[in-house]
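Data first, discussion second: the structure below is written as structure tokens.
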Amino acid sequence: MTRRATLLLRAFAFVIFVLAISGQPAEKPLWLDAKPKQWNRAGGSIPKVKQPFGDADIKDLKNRCDASRQIPSPDSPEVQTVAGRGWKVFKSQSDFHGIVIVSAQQDYDGMCRPIGYQDFVFVNGVYAGTLSPKSMDARTDGASINASFPGDGKLSAECVRYAVKDPRCCPSRVSEAAYEIQTVGGRPVVVLTSVRTHPTN
């Protein structure tokens with residue numbers, strides 16, 4: 001076999017491999033299905049976002065989405081901190097006892113839904129961690145849709161759960177993740193304590 005034929009065969013095999021894996025279901029958020037594991041650490045930092053808007057069409061999408069949504073003004077130190085790292089804040093909520101959750105995204109999809117978003121937690125102005133070990137995309141398995149404060153020093157997040165055949169509009173299950181604020185080395189940290197998953201109906 002000639003060198004050119006070998007290269008063509010390898011290229012063809014690579015294309016088949018890419019097509020094969022593209023048809024596989026998305027990676028499941030195992031952190032919601034296993035014994036609680038911790039990803040936050042006391043004294044951690046918020047990752048900086050690299051600005052993704054370089055193409056003209058993408059800039060137009062960003063401008064259109066920004067104009068269609070109520071973007072919170074940076075009226076609190078927590079929101080300012082997250083926005084200062086390049087994130088676009090779309091929600092901020094507080095338990096009025098020192099805990100603040102700032103929800104922010106990196107990008108939009110074609111319907112102006114958040115892509116690469118995260119829920120950042122602060123305690124008395126100090127960053128304490130996130131409610132998910134990795135950033136999330138709207139309408140995907142494990143994406144948070146609601147956060148709340150069920151008690152003193154307690155947090156909760158509802159995450160949508162999609163089966164393979166579920167339409168994007170209608171996840172068949174929801175996972176309720178419970179957290180508490182602990183103090184390590186004099187600094188607050190968000191700790192996952194339990195997850196309960198149940199059907200949406």
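Convention: chains lettered A, B, ... in structure tokens order; per-chain residue numbering from 1; ligands numbered from 1 as shown.
Once segment 138-141 of chain A and its same-chain neighbours fewer than 3 positions away are set aside, A:Lys28, A:Pro29, A:Arg113, A:Pro114, A:Ile115, A:Cys159, A:Val160, A:Arg161, A:Tyr162, A:Arg168, A:Cys169 remain within 8 Å of it when counting only C-alpha atoms.
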Write the selection just made, keeping N, CA and C atoms, as a compact mmCIF listing (two decimals), in the first residue's frame?
# COMPACT_ATOMS: atom_id res chain seq x y z
N LYS A 28 -23.17 11.74 31.01
CA LYS A 28 -24.09 11.95 32.12
C LYS A 28 -23.38 12.64 33.29
N PRO A 29 -24.13 13.51 33.98
CA PRO A 29 -23.54 14.19 35.15
C PRO A 29 -23.45 13.23 36.33
N ARG A 113 -30.59 31.13 25.01
CA ARG A 113 -30.51 30.42 26.28
C ARG A 113 -29.04 30.35 26.71
N PRO A 114 -28.79 30.30 28.01
CA PRO A 114 -27.40 30.33 28.50
C PRO A 114 -26.61 29.07 28.17
N ILE A 115 -25.38 29.28 27.75
CA ILE A 115 -24.44 28.20 27.47
C ILE A 115 -23.22 28.40 28.37
N CYS A 159 -32.02 20.26 39.33
CA CYS A 159 -31.32 20.02 38.07
C CYS A 159 -32.17 19.10 37.19
N VAL A 160 -32.37 19.50 35.94
CA VAL A 160 -33.17 18.69 35.03
C VAL A 160 -32.40 17.44 34.63
N ARG A 161 -33.13 16.34 34.42
CA ARG A 161 -32.52 15.07 34.05
C ARG A 161 -33.23 14.51 32.82
N TYR A 162 -32.45 14.31 31.77
CA TYR A 162 -33.00 13.83 30.51
C TYR A 162 -32.64 12.36 30.27
N ARG A 168 -36.22 17.90 24.29
CA ARG A 168 -35.51 18.94 25.04
C ARG A 168 -36.44 19.78 25.91
N CYS A 169 -37.71 19.82 25.53
CA CYS A 169 -38.66 20.62 26.31
C CYS A 169 -39.03 19.97 27.62
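Nearest to Thr193 of chain A of all the residues A:Met111, A:Leu155, A:Val79, A:Cys170 is A:Leu155, based on only C-alpha atoms.
If you count only C-alpha atoms and ignore residues fewer than 5 places along the chain from Tyr127 of chain A, what sits within 8 Å of it is A:Gly43, A:Gly44, A:Ser45, A:Ile46, A:Phe120, A:Val121, A:Phe122, A:Pro188, A:Val189.
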Given the selection you just returned, output its residues as a file containing N, CA and C atoms, formatted as a PDB file, in the first residue's frame.
ATOM      1  N   GLY A  43     -11.080  28.903  49.860  1.00  0.00           N
ATOM      2  CA  GLY A  43     -10.073  29.765  49.267  1.00  0.00           C
ATOM      3  C   GLY A  43      -9.944  29.613  47.766  1.00  0.00           C
ATOM      4  N   GLY A  44     -10.915  28.934  47.123  1.00  0.00           N
ATOM      5  CA  GLY A  44     -10.873  28.771  45.672  1.00  0.00           C
ATOM      6  C   GLY A  44     -11.128  30.096  44.956  1.00  0.00           C
ATOM      7  N   SER A  45     -10.977  30.072  43.641  1.00  0.00           N
ATOM      8  CA  SER A  45     -11.163  31.296  42.857  1.00  0.00           C
ATOM      9  C   SER A  45     -12.090  31.042  41.683  1.00  0.00           C
ATOM     10  N   ILE A  46     -12.729  32.074  41.199  1.00  0.00           N
ATOM     11  CA  ILE A  46     -13.636  31.988  40.054  1.00  0.00           C
ATOM     12  C   ILE A  46     -12.810  31.974  38.768  1.00  0.00           C
ATOM     13  N   PHE A 120     -22.536  30.601  41.250  1.00  0.00           N
ATOM     14  CA  PHE A 120     -21.444  30.914  42.173  1.00  0.00           C
ATOM     15  C   PHE A 120     -22.017  31.337  43.528  1.00  0.00           C
ATOM     16  N   VAL A 121     -21.449  30.805  44.599  1.00  0.00           N
ATOM     17  CA  VAL A 121     -21.955  31.071  45.944  1.00  0.00           C
ATOM     18  C   VAL A 121     -20.953  31.913  46.732  1.00  0.00           C
ATOM     19  N   PHE A 122     -21.494  32.924  47.410  1.00  0.00           N
ATOM     20  CA  PHE A 122     -20.684  33.787  48.285  1.00  0.00           C
ATOM     21  C   PHE A 122     -21.296  33.783  49.682  1.00  0.00           C
ATOM     22  N   PRO A 188     -15.401  30.032  54.233  1.00  0.00           N
ATOM     23  CA  PRO A 188     -16.594  29.242  53.908  1.00  0.00           C
ATOM     24  C   PRO A 188     -16.383  28.395  52.661  1.00  0.00           C
ATOM     25  N   VAL A 189     -17.076  27.255  52.617  1.00  0.00           N
ATOM     26  CA  VAL A 189     -17.008  26.390  51.443  1.00  0.00           C
ATOM     27  C   VAL A 189     -18.357  25.684  51.282  1.00  0.00           C
TER      28      VAL A 189
END
TODO: Give me every strand (DSSP E or B) residue in segment 61-149 of chain A, going by DSSP on the backbone, as a ChimeraX atom specification.
DONE: /A:88-94,99-105,107-108,114-123,126-130,136-137,144-148
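Within the 12 Å cut-off around Leu30 of chain A, using only C-alpha atoms and omitting residues fewer than 5 positions from it on the same chain, the listed residues are Lys35, Pro36, Lys37, Ser132, Pro133, Lys134, Asp141, Gly142, Arg161, Ser175 and Val195 of chain A.
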Keeping only C-alpha atoms, write the selected residues as a short mmCIF file (atom, residue, chain, number, x, y, z; two decimals), in the first residue's frame.
data_model
loop_
_atom_site.label_atom_id
_atom_site.label_comp_id
_atom_site.auth_asym_id
_atom_site.auth_seq_id
_atom_site.Cartn_x
_atom_site.Cartn_y
_atom_site.Cartn_z
CA LYS A 35 -22.27 9.15 46.42
CA PRO A 36 -21.73 12.88 47.02
CA LYS A 37 -18.22 13.99 46.10
CA SER A 132 -22.06 22.18 39.98
CA PRO A 133 -18.58 20.73 39.42
CA LYS A 134 -18.60 22.02 35.84
CA ASP A 141 -28.87 16.69 31.46
CA GLY A 142 -27.83 18.02 34.86
CA ARG A 161 -32.52 15.07 34.05
CA SER A 175 -32.54 15.88 40.78
CA VAL A 195 -29.04 14.24 45.99
#
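Comparing A:Val49, A:Ser172, A:Phe149, A:Ala83 by their smallest distance to Gly116 of chain A, the closest is A:Val49 (using only C-alpha atoms).
Restricting the calculation to only C-alpha atoms, the smallest distance between Val190 of chain A and any of A:Lys50, A:Lys154, A:Lys88, A:Lys165 is found for A:Lys154.
Ranking A:Asn63, A:Ala177, A:Phe96, A:Gln182 by their shortest atom-to-atom distance to Ala34 of chain A, with only C-alpha atoms included, puts A:Ala177 first.
For the pair atom CA of Ile181 of chain A and atom CA of Asn124 of chain A, the interatomic distance is 11.6 Å.
Minimum atom-to-atom distance to Arg85 of chain A, evaluated using only C-alpha atoms, belongs to A:Ala104 out of A:Ala143, A:Ala104, A:Ala157, A:Val174.
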